[in-house]
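Structure below is work_39.tsv: TSV, C-alpha atoms.
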chain	number	residue	atom	x	y	z
A	1	MET	CA	105.65	65.90	77.83
A	2	SER	CA	102.93	63.66	79.24
A	3	GLY	CA	99.33	64.67	79.82
A	4	LYS	CA	99.89	64.51	83.57
A	5	ASP	CA	102.71	67.06	83.38
A	6	ILE	CA	100.59	69.36	81.20
A	7	PHE	CA	97.71	69.14	83.69
A	8	LYS	CA	100.02	69.82	86.63
A	9	GLY	CA	101.57	72.85	84.89
A	10	THR	CA	98.13	74.21	84.00
A	11	VAL	CA	96.96	73.88	87.61
A	12	ILE	CA	100.07	75.69	88.88
A	13	VAL	CA	99.53	78.57	86.44
A	14	LEU	CA	95.83	78.89	87.36
A	15	VAL	CA	96.58	78.82	91.09
A	16	THR	CA	99.29	81.47	90.62
A	17	LEU	CA	96.94	83.73	88.66
A	18	PHE	CA	94.20	83.27	91.25
A	19	GLY	CA	96.63	84.13	94.05
A	20	ALA	CA	97.78	87.25	92.21
A	21	TYR	CA	94.13	88.28	91.70
A	22	VAL	CA	93.35	87.79	95.40
A	23	VAL	CA	96.40	89.85	96.40
A	24	ALA	CA	95.45	92.63	93.98
A	25	MET	CA	91.87	92.73	95.24
A	26	SER	CA	92.93	92.71	98.90
A	27	LEU	CA	95.85	95.12	98.48
A	28	HIS	CA	94.07	97.78	100.54
A	29	ILE	CA	93.58	95.36	103.44
A	30	LEU	CA	97.21	94.29	103.20
A	31	VAL	CA	98.28	97.93	103.48
A	32	VAL	CA	96.14	98.31	106.62
A	33	VAL	CA	97.73	95.17	108.10
A	34	LEU	CA	101.21	96.47	107.27
A	35	VAL	CA	100.47	99.84	108.87
A	36	ALA	CA	99.20	98.06	111.99
A	37	ILE	CA	102.41	95.99	112.23
A	38	ILE	CA	104.63	99.06	111.69
A	39	ILE	CA	102.83	101.04	114.41
A	40	ALA	CA	102.92	98.04	116.74
A	41	SER	CA	106.68	97.73	116.17
A	42	ALA	CA	107.04	101.41	117.08
A	43	VAL	CA	105.14	101.18	120.38
A	44	ARG	CA	106.47	97.76	121.43
A	45	PRO	CA	109.46	99.21	123.38
A	46	MET	CA	107.03	101.30	125.44
A	47	VAL	CA	104.92	98.21	126.12
A	48	LEU	CA	107.99	96.28	127.25
A	49	ARG	CA	109.02	99.15	129.51
A	50	LEU	CA	105.62	99.21	131.19
A	51	MET	CA	105.83	95.43	131.64
A	52	ARG	CA	109.18	95.91	133.42
A	53	TRP	CA	107.31	98.30	135.73
A	54	ARG	CA	105.05	95.39	136.76
A	55	PHE	CA	102.24	96.11	134.31
A	56	SER	CA	100.52	93.07	132.87
A	57	GLU	CA	100.89	92.61	129.11
A	58	GLY	CA	97.27	93.45	128.37
A	59	LEU	CA	97.27	96.52	130.61
A	60	ALA	CA	100.55	97.77	129.13
A	61	ILE	CA	99.25	97.43	125.55
A	62	LEU	CA	95.96	99.10	126.46
A	63	THR	CA	97.72	101.99	128.22
A	64	VAL	CA	100.04	102.69	125.28
A	65	TYR	CA	97.33	102.56	122.63
A	66	VAL	CA	94.89	104.65	124.68
A	67	GLY	CA	97.62	107.27	125.13
A	68	VAL	CA	98.35	107.34	121.40
A	69	LEU	CA	94.65	107.57	120.57
A	70	LEU	CA	94.06	110.42	123.04
A	71	GLY	CA	97.01	112.32	121.57
A	72	ILE	CA	95.63	111.97	118.04
A	73	ILE	CA	92.17	113.10	119.17
A	74	ALA	CA	93.61	116.13	121.00
A	75	LEU	CA	95.64	117.25	118.00
A	76	THR	CA	92.71	116.71	115.66
A	77	ALA	CA	90.32	118.70	117.86
A	78	LEU	CA	92.88	121.50	118.13
A	79	VAL	CA	93.79	122.01	114.49
A	80	ILE	CA	91.11	120.53	112.23
A	81	PRO	CA	88.19	122.92	113.07
A	82	PRO	CA	90.04	126.06	111.86
A	83	ILE	CA	90.81	124.32	108.57
A	84	ILE	CA	87.19	123.28	108.09
A	85	THR	CA	85.98	126.79	108.97
A	86	SER	CA	88.36	128.43	106.53
A	87	VAL	CA	87.53	126.05	103.68
A	88	THR	CA	83.79	126.31	104.28
A	89	THR	CA	83.88	130.10	104.43
A	90	ASN	CA	85.83	130.40	101.20
A	91	LEU	CA	83.68	127.88	99.35
A	92	THR	CA	80.37	129.42	100.43
A	93	SER	CA	81.50	132.94	99.56
A	94	GLU	CA	83.12	133.09	96.14
A	95	ASP	CA	83.41	136.89	96.24
A	96	ARG	CA	85.30	136.76	99.54
A	97	LEU	CA	87.83	134.26	98.20
A	98	ALA	CA	88.24	136.15	94.93
A	99	ASN	CA	88.72	139.46	96.77
A	100	ARG	CA	91.34	137.85	98.97
A	101	ILE	CA	93.30	136.59	95.95
A	102	ILE	CA	93.01	139.97	94.20
A	103	ALA	CA	94.29	141.72	97.32
A	104	VAL	CA	97.28	139.38	97.46
A	105	GLU	CA	97.99	140.09	93.80
A	106	TYR	CA	97.92	143.85	94.38
A	107	TRP	CA	100.24	143.50	97.36
A	108	ILE	CA	102.72	141.37	95.39
A	109	SER	CA	102.64	143.79	92.44
A	110	ASN	CA	103.18	146.86	94.64
A	111	THR	CA	105.96	145.21	96.63
A	112	VAL	CA	107.84	144.12	93.50
A	113	ARG	CA	107.44	147.61	91.99
A	114	ASP	CA	108.76	149.29	95.16
A	115	ILE	CA	111.76	146.97	95.37
A	116	THR	CA	112.76	146.60	91.73
A	117	GLY	CA	111.11	149.60	90.09
A	118	SER	CA	109.44	147.37	87.48
A	119	THR	CA	105.94	145.96	87.22
A	120	ILE	CA	104.86	142.37	86.76
A	121	GLU	CA	101.86	141.13	84.86
A	122	LEU	CA	99.29	139.28	86.98
A	123	PRO	CA	95.81	137.98	86.05
A	124	ASP	CA	93.21	140.75	85.98
A	125	PRO	CA	90.36	140.72	88.59
A	126	ALA	CA	87.78	139.42	86.10
A	127	THR	CA	89.96	136.42	85.26
A	128	VAL	CA	90.52	135.74	88.95
A	129	ARG	CA	86.78	135.80	89.71
A	130	THR	CA	86.03	133.45	86.81
A	131	GLY	CA	88.76	131.03	87.89
A	132	VAL	CA	87.58	131.03	91.52
A	133	SER	CA	83.99	130.39	90.43
A	134	ASN	CA	85.02	127.45	88.24
A	135	ALA	CA	87.21	125.98	90.99
A	136	VAL	CA	84.43	126.24	93.59
A	137	ASP	CA	81.94	124.63	91.21
A	138	THR	CA	84.40	121.75	90.74
A	139	ILE	CA	85.08	121.24	94.45
A	140	ARG	CA	81.53	121.45	95.81
A	141	PRO	CA	80.29	118.14	94.31
A	142	VAL	CA	83.32	116.36	95.80
A	143	LEU	CA	82.60	117.39	99.40
A	144	PRO	CA	80.02	114.63	100.14
A	145	SER	CA	82.48	111.97	98.99
A	146	LEU	CA	85.13	113.51	101.26
A	147	VAL	CA	82.80	113.02	104.22
A	148	GLY	CA	82.38	109.36	103.21
A	149	ASP	CA	86.14	108.97	102.87
A	150	ALA	CA	86.59	110.47	106.34
A	151	SER	CA	84.25	107.89	107.87
A	152	SER	CA	86.03	105.10	106.00
A	153	THR	CA	89.38	106.41	107.24
A	154	LEU	CA	88.08	106.41	110.82
A	155	GLY	CA	87.07	102.77	110.44
A	156	GLU	CA	90.52	101.90	109.10
A	157	VAL	CA	92.18	103.69	112.03
A	158	ILE	CA	90.14	101.60	114.46
A	159	LEU	CA	91.08	98.45	112.51
A	160	VAL	CA	94.76	99.42	112.68
A	161	PHE	CA	94.56	99.75	116.46
A	162	VAL	CA	92.71	96.45	116.90
A	163	MET	CA	95.11	94.53	114.65
A	164	GLY	CA	98.07	96.16	116.37
A	165	VAL	CA	96.84	94.91	119.74
A	166	TYR	CA	96.47	91.37	118.38
A	167	TRP	CA	99.94	91.53	116.83
A	168	LEU	CA	101.55	92.58	120.12
A	169	THR	CA	99.78	89.86	122.10
A	170	SER	CA	100.79	87.13	119.62
A	171	HIS	CA	104.19	88.58	118.71
A	172	GLN	CA	106.36	85.92	120.36
A	173	ARG	CA	104.26	83.03	119.04
A	174	ALA	CA	104.37	84.47	115.51
A	175	VAL	CA	108.17	84.81	115.61
A	176	GLU	CA	108.57	81.26	116.92
A	177	PHE	CA	106.28	79.91	114.20
A	178	ILE	CA	108.25	81.66	111.44
A	179	VAL	CA	111.59	80.49	112.87
A	180	GLN	CA	110.45	76.86	113.08
A	181	LEU	CA	109.84	76.83	109.33
A	182	PHE	CA	113.63	76.85	108.76
A	183	THR	CA	116.35	74.32	109.53
A	184	LEU	CA	118.23	74.37	112.82
A	185	ARG	CA	121.29	75.86	111.16
A	186	LEU	CA	119.30	78.88	109.89
A	187	ARG	CA	116.94	79.53	112.79
A	188	GLU	CA	119.22	81.86	114.72
A	189	LYS	CA	119.93	83.88	111.57
A	190	VAL	CA	116.22	84.11	110.68
A	191	GLU	CA	115.32	85.26	114.18
A	192	SER	CA	117.99	87.98	114.11
A	193	ILE	CA	116.72	89.20	110.72
A	194	ILE	CA	113.12	89.37	112.05
A	195	TYR	CA	114.15	91.45	115.05
A	196	GLU	CA	116.38	93.68	112.90
A	197	ILE	CA	113.46	94.41	110.56
A	198	GLU	CA	111.16	95.10	113.50
A	199	ASN	CA	113.66	97.45	115.14
A	200	MET	CA	114.20	99.25	111.84
A	201	MET	CA	110.47	99.85	111.29
A	202	GLY	CA	109.91	100.91	114.89
A	203	SER	CA	112.86	103.30	114.85
A	204	TYR	CA	111.64	104.81	111.59
A	205	VAL	CA	108.14	105.52	112.92
A	206	ARG	CA	109.42	106.92	116.22
A	207	GLY	CA	111.89	109.08	114.32
A	208	ILE	CA	109.38	110.65	111.95
A	209	VAL	CA	106.87	111.24	114.76
A	210	PHE	CA	109.55	112.92	116.88
A	211	VAL	CA	110.67	115.15	114.00
A	212	ALA	CA	107.05	116.05	113.14
A	213	LEU	CA	106.26	117.03	116.74
A	214	VAL	CA	109.39	119.15	117.12
A	215	ILE	CA	108.94	120.91	113.76
A	216	GLY	CA	105.22	121.51	114.34
A	217	PHE	CA	105.79	122.88	117.85
A	218	ALA	CA	108.68	125.11	116.71
A	219	ASN	CA	106.59	126.61	113.91
A	220	PHE	CA	103.66	127.09	116.29
A	221	ILE	CA	105.80	128.98	118.84
A	222	ILE	CA	107.28	131.35	116.26
A	223	LEU	CA	103.94	132.01	114.54
A	224	PHE	CA	102.23	132.52	117.91
A	225	VAL	CA	104.85	135.13	118.87
A	226	LEU	CA	104.33	136.84	115.50
A	227	ARG	CA	100.55	136.84	116.18
A	228	VAL	CA	99.69	134.91	113.04
A	229	PRO	CA	96.08	133.61	113.16
A	230	ASN	CA	95.59	129.84	113.55
A	231	ALA	CA	99.22	129.33	114.55
A	232	ALA	CA	98.51	125.85	115.95
A	233	THR	CA	96.81	124.73	112.75
A	234	LEU	CA	99.61	126.05	110.54
A	235	GLY	CA	102.30	124.46	112.70
A	236	PHE	CA	100.41	121.16	112.67
A	237	ILE	CA	100.15	121.21	108.86
A	238	ILE	CA	103.90	121.81	108.49
A	239	GLY	CA	104.70	119.12	111.07
A	240	ILE	CA	102.47	116.54	109.40
A	241	GLY	CA	104.07	117.38	106.05
A	242	THR	CA	107.51	116.46	107.39
A	243	MET	CA	106.31	112.89	107.97
A	244	LEU	CA	106.47	112.40	104.20
A	245	PRO	CA	110.20	111.92	103.41
A	246	ILE	CA	112.14	114.37	101.24
A	247	VAL	CA	109.24	116.33	99.68
A	248	GLY	CA	106.62	116.34	102.44
A	249	GLY	CA	107.99	119.35	104.28
A	250	PHE	CA	107.74	121.55	101.19
A	251	VAL	CA	104.18	120.38	100.53
A	252	GLY	CA	103.15	121.16	104.11
A	253	GLY	CA	104.93	124.53	104.09
A	254	GLY	CA	103.32	125.55	100.80
A	255	PHE	CA	99.83	124.57	101.96
A	256	ALA	CA	100.28	126.40	105.26
A	257	THR	CA	101.46	129.52	103.42
A	258	LEU	CA	98.42	129.49	101.11
A	259	LEU	CA	96.09	129.00	104.08
A	260	ALA	CA	97.69	131.94	105.87
A	261	LEU	CA	97.30	134.12	102.77
A	262	PHE	CA	93.60	133.28	102.52
A	263	THR	CA	92.83	133.74	106.21
A	264	GLY	CA	95.17	136.63	107.11
A	265	THR	CA	97.22	139.36	105.53
A	266	PRO	CA	99.94	138.91	102.89
A	267	LEU	CA	102.56	139.77	105.51
A	268	GLN	CA	101.31	136.93	107.67
A	269	GLY	CA	101.61	134.57	104.72
A	270	ILE	CA	105.19	135.74	104.19
A	271	ALA	CA	105.82	135.19	107.92
A	272	VAL	CA	104.60	131.60	107.63
A	273	LEU	CA	106.85	131.00	104.62
A	274	GLY	CA	109.88	132.52	106.34
A	275	THR	CA	109.27	130.55	109.54
A	276	PHE	CA	108.97	127.34	107.56
A	277	VAL	CA	112.26	128.01	105.72
A	278	VAL	CA	114.13	128.72	108.96
A	279	VAL	CA	112.79	125.71	110.85
A	280	GLN	CA	113.32	123.52	107.78
A	281	GLN	CA	117.06	124.14	108.11
A	282	LEU	CA	116.91	122.80	111.66
A	283	GLU	CA	115.14	119.69	110.44
A	284	THR	CA	117.42	119.07	107.44
A	285	HIS	CA	120.78	119.59	109.14
A	286	TYR	CA	120.16	118.50	112.72
A	287	LEU	CA	116.91	116.71	113.59
A	288	THR	CA	116.48	114.30	110.71
A	289	PRO	CA	120.12	113.05	110.60
A	290	ARG	CA	120.13	112.43	114.37
A	291	ALA	CA	116.60	111.06	114.77
A	292	MET	CA	116.78	108.82	111.70
A	293	SER	CA	120.40	107.67	111.97
A	294	ARG	CA	119.37	104.31	113.44
A	295	SER	CA	116.39	103.68	111.19
A	296	VAL	CA	116.26	102.81	107.50
A	297	GLY	CA	119.53	104.35	106.32
A	298	LEU	CA	118.61	104.35	102.63
A	299	ASP	CA	120.25	106.42	99.95
A	300	PRO	CA	118.25	109.63	99.29
A	301	LEU	CA	117.70	108.65	95.64
A	302	LEU	CA	116.21	105.30	96.67
A	303	THR	CA	114.05	107.11	99.22
A	304	ILE	CA	112.65	109.44	96.54
A	305	VAL	CA	111.94	106.50	94.23
A	306	ALA	CA	110.22	104.61	97.05
A	307	VAL	CA	108.09	107.64	98.01
A	308	LEU	CA	106.99	108.22	94.41
A	309	MET	CA	106.11	104.55	93.91
A	310	GLY	CA	104.23	104.45	97.21
A	311	PHE	CA	102.28	107.60	96.39
A	312	THR	CA	101.33	106.20	92.98
A	313	LEU	CA	100.11	102.91	94.46
A	314	GLY	CA	98.59	104.02	97.77
A	315	GLY	CA	98.39	107.79	97.99
A	316	VAL	CA	99.75	109.58	101.06
A	317	VAL	CA	99.67	106.45	103.24
A	318	GLY	CA	101.52	104.50	100.56
A	319	ALA	CA	104.16	107.22	100.33
A	320	ILE	CA	104.71	107.14	104.11
A	321	ILE	CA	105.05	103.35	104.40
A	322	ALA	CA	107.07	103.00	101.19
A	323	THR	CA	110.31	103.93	102.96
A	324	PRO	CA	110.13	101.23	105.67
A	325	ILE	CA	109.13	98.68	103.02
A	326	MET	CA	112.21	99.61	101.02
A	327	GLY	CA	114.20	99.32	104.25
A	328	VAL	CA	112.88	95.78	104.77
A	329	ILE	CA	113.93	94.86	101.23
A	330	ALA	CA	117.38	96.37	101.89
A	331	VAL	CA	117.80	94.33	105.10
A	332	LEU	CA	116.79	91.10	103.35
A	333	LEU	CA	119.13	91.75	100.43
A	334	ARG	CA	122.01	92.55	102.76
A	335	GLU	CA	121.55	89.51	105.01
A	336	ILE	CA	120.58	86.94	102.36
A	337	VAL	CA	122.51	88.03	99.26
A	338	ILE	CA	125.21	90.65	99.87
A	339	GLU	CA	126.86	89.40	103.09
A	340	PRO	CA	127.00	85.72	102.01
A	341	ARG	CA	128.44	86.84	98.69
A	342	LYS	CA	131.16	88.84	100.45
A	343	VAL	CA	132.13	85.76	102.46
A	344	THR	CA	132.21	83.64	99.30
A	345	VAL	CA	134.49	85.93	97.32
A	346	SER	CA	136.82	86.76	100.21
A	347	PRO	CA	139.54	84.15	100.99
A	348	TYR	CA	139.79	85.15	104.63
A	349	LEU	CA	137.53	86.89	107.13
A	350	LYS	CA	138.87	88.66	110.20
A	351	THR	CA	136.59	88.74	113.26
A	352	GLU	CA	136.47	91.31	116.08
A	353	ASP	CA	138.59	89.03	118.27
A	354	GLY	CA	141.38	89.01	115.72
A	355	LEU	CA	140.65	85.43	114.65
A	356	ILE	CA	141.10	84.81	110.96
A	357	LEU	CA	138.60	82.45	109.35
A	358	ILE	CA	138.68	80.81	105.96
A	359	ASN	CA	135.68	80.71	103.62
A	360	GLY	CA	134.04	77.72	105.23
A	361	GLY	CA	134.13	79.34	108.66
A	362	GLU	CA	136.95	77.14	110.05
A	363	PRO	CA	139.89	78.77	111.82
A	364	ALA	CA	142.77	79.32	109.50
A	365	GLY	CA	145.20	78.31	112.28
A	366	GLN	CA	148.88	78.40	111.60
A	367	VAL	CA	148.40	78.62	107.85
A	368	ALA	CA	146.98	82.12	107.97
A	369	VAL	CA	148.55	83.53	111.13
A	370	GLN	CA	151.88	81.74	111.59
A	371	ALA	CA	154.87	83.97	112.34
A	372	PRO	CA	157.67	84.21	109.82
A	373	VAL	CA	160.24	81.37	110.23
A	374	PRO	CA	163.68	82.75	111.20
A	375	PRO	CA	166.50	81.79	108.88
A	376	ALA	CA	168.59	78.73	109.91
A	377	PRO	CA	172.07	79.48	111.30
A	378	GLU	CA	174.89	79.10	108.82
A	379	ALA	CA	176.83	75.84	109.11
A	380	ALA	CA	180.51	76.00	110.17
A	381	PRO	CA	182.95	75.78	107.25
A	382	VAL	CA	184.33	72.25	106.64
A	383	PRO	CA	188.19	72.12	106.50
A	384	PRO	CA	189.62	70.69	103.31
A	385	ALA	CA	190.62	67.02	103.45
A	386	LYS	CA	194.29	66.17	103.49
A	387	PRO	CA	195.66	64.44	100.36
A	388	ALA	CA	195.92	60.71	100.70
A	389	ALA	CA	199.14	58.84	99.67
A	390	THR	CA	199.01	55.73	97.54
A	391	ALA	CA	201.29	52.73	97.79
A	392	SER	CA	203.48	54.13	95.03
A	393	GLY	CA	203.92	57.38	96.92
A	394	ILE	CA	201.72	59.47	94.61
A	395	LEU	CA	199.51	62.00	96.43
A	396	LEU	CA	195.83	61.80	95.52
A	397	PRO	CA	193.51	64.78	96.12

Structure encoded using structure tokens:
Amino acid sequence: MSGKDIFKGTVIVLVTLFGAYVVAMSLHILVVVLVAIIIASAVRPMVLRLMRWRFSEGLAILTVYVGVLLGIIALTALVIPPIITSVTTNLTSEDRLANRIIAVEYWISNTVRDITGSTIELPDPATVRTGVSNAVDTIRPVLPSLVGDASSTLGEVILVFVMGVYWLTSHQRAVEFIVQLFTLRLREKVESIIYEIENMMGSYVRGIVFVALVIGFANFIILFVLRVPNAATLGFIIGIGTMLPIVGGFVGGGFATLLALFTGTPLQGIAVLGTFVVVQQLETHYLTPRAMSRSVGLDPLLTIVAVLMGFTLGGVVGAIIATPIMGVIAVLLREIVIEPRKVTVSPYLKTEDGLILINGGEPAGQVAVQAPVPPAPEAAPVPPAKPAATASGILLP
């Protein structure tokens, strides 16, 4: 190997390592960009509909994003203050929180004894008070950083909206640029893959938002009828939890039940748990299959793996966007690897029009579709020849 080849290989390795370092350092920004593109893909059909109603492109984009932003602000103003009030009250009054937990323990112990006739061992009041005091002392120093994280999250939300607007305005130019990087034979295929990925991501976001709204509103109505305090907040928590695939609903239902136990009576906590279980059946067997049937379509095991990987790498946001990312990978594998492989290993391919194609894509013609040849008619029997006579009078056959 010459010195020039060694130098070239060294440069390639260094450039690759530098690129990997840049990607690792800017991973958070890349996640924000990806979230912006996913949300833009979800709202793009609404933008196109407004443009068909004679809205200009800029006005349509502005109208959709302002509507989404106002909806988020309204929900936040409705449900966040009760959560902050409850958390602040319990953290500033350790005795109140400890007494609430002790009361719940007594209620559980008495209920189990009345139903089963046996007693269960629960932590004594002194242990509960010590545990609550230690937990409060651990949480209090973290509160200032939570405020800083909230301001950082607000800045990222604004960045997502701004980048989404830019993506929608330059969407067609971006698609044309990507398509022109490929040969003429592949451009149509590449464009169809881009739009399939975009439709998949948009359908996924619209599906989870629809399911979250329906589940949150259903829980709110039932809890409001049962006169459970902070019904809107509890329904919102359960609805938001359903946005996390597979396990999110149980996390939201458990948190809402604990919040109801700390802010109300044990019966109200049981009511929240029962309402969540009932509405969860509606989500599992009806809403999610119908709302998500046209989105990612991944196997549940792959979805769980994607959610766990996303949560490990990017927290809650990473867990939410992990499923559409896995869907993008599935689309690329299907269109680039699996489908071409099927064509390669199959001798013939039948189209919707009934035309049979060979591997190379050429019509098989008469070779593949010719009708069976009828048997030829039998020839008439040939009569035997008469014996010929020789000059000597002998008959020859």

Mind checking which residues fall within 8 Å of region 213-230 of chain A, counting only C-alpha atoms, ignoring those fewer than 3 positions away in the same chain, and posting them as number ranges by chain?
-> A: 82, 209-210, 233-240, 242, 260, 263-264, 268, 271-272, 275-276, 279-280, 283

Build an axis-aligned box that encloses every atom of region 234-253 of chain A listed in the file, pad it by 8 Å on each side, and report its centre and edge lengths in Å to one decimal, as AutoDock Vina command-line options.
--center_x 105.9 --center_y 119.0 --center_z 106.2 --size_x 28.5 --size_y 30.1 --size_z 29.0

Got a sec: who's within 7 Å of Ala60 (chain A), counting all atoms listed in the file, leaving out chain neighbours fewer than 4 positions off, as a PDB file with C-alpha atoms, in the frame of the given file?
ATOM      1  CA  VAL A  47     104.920  98.210 126.120  1.00  0.00           C
ATOM      2  CA  LEU A  50     105.620  99.210 131.190  1.00  0.00           C
ATOM      3  CA  MET A  51     105.830  95.430 131.640  1.00  0.00           C
ATOM      4  CA  PHE A  55     102.240  96.110 134.310  1.00  0.00           C
ATOM      5  CA  SER A  56     100.520  93.070 132.870  1.00  0.00           C
ATOM      6  CA  VAL A  64     100.040 102.690 125.280  1.00  0.00           C
TER       7      VAL A  64
END

Considering only C-alpha atoms, give me a table of residues in region 26-47 of chain A that are at most 12 Å from region 307-323 of chain A, with the closest atom pair and distance in Å for each, as JSON lines.
{"residue": "A:Leu27", "atom": "CA", "partner": "A:Gly314", "partner_atom": "CA", "distance": 9.3}
{"residue": "A:His28", "atom": "CA", "partner": "A:Gly314", "partner_atom": "CA", "distance": 8.2}
{"residue": "A:Ile29", "atom": "CA", "partner": "A:Gly314", "partner_atom": "CA", "distance": 11.5}
{"residue": "A:Leu30", "atom": "CA", "partner": "A:Gly314", "partner_atom": "CA", "distance": 11.2}
{"residue": "A:Val31", "atom": "CA", "partner": "A:Gly318", "partner_atom": "CA", "distance": 7.9}
{"residue": "A:Val32", "atom": "CA", "partner": "A:Val317", "partner_atom": "CA", "distance": 9.5}
{"residue": "A:Val33", "atom": "CA", "partner": "A:Ile321", "partner_atom": "CA", "distance": 11.6}
{"residue": "A:Leu34", "atom": "CA", "partner": "A:Ile321", "partner_atom": "CA", "distance": 8.4}
{"residue": "A:Val35", "atom": "CA", "partner": "A:Ile321", "partner_atom": "CA", "distance": 7.3}
{"residue": "A:Ala36", "atom": "CA", "partner": "A:Ile321", "partner_atom": "CA", "distance": 10.9}
{"residue": "A:Ile37", "atom": "CA", "partner": "A:Ile321", "partner_atom": "CA", "distance": 11.1}
{"residue": "A:Ile38", "atom": "CA", "partner": "A:Ile321", "partner_atom": "CA", "distance": 8.5}
{"residue": "A:Ile39", "atom": "CA", "partner": "A:Ile321", "partner_atom": "CA", "distance": 10.5}

So how many Å separate CA of Leu244 (chain A) and CA of Ile208 (chain A), to one decimal?
-> 8.5 Å

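Going from CA of Ala212 (chain A) to CA of Leu259 (chain A) covers 19.2 Å.
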
For CA of Ile270 (chain A) and CA of Tyr106 (chain A), quote the distance in Å rounded to one decimal.
->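 Spanning CA of Ile270 (chain A) to CA of Tyr106 (chain A) is a straight-line distance of 14.7 Å.
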
For Leu258 (chain A), the nearest of the candidates A:Ile83, A:Val66, A:Val190, A:Val175, counting all atoms listed in the file | A:Ile83

With distances taken over all atoms listed in the file, which of A:Ile73, A:Val79, A:Val128, A:Val251 is nearest to Ala231 (chain A)?
-> A:Val79

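Proximity ranking of A:Phe262, A:Phe177, A:Phe18, A:Phe255 relative to Glu105 (chain A) places A:Phe262 first, based on only C-alpha atoms.
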
Leaving out Ser41 (chain A) and any residue of its chain fewer than 4 positions from it, which residues lie within 9 Å of it when counting only C-alpha atoms, given as a PyMOL selection string?
-> chain A and resi 36-37+45+164+168+198-203+205
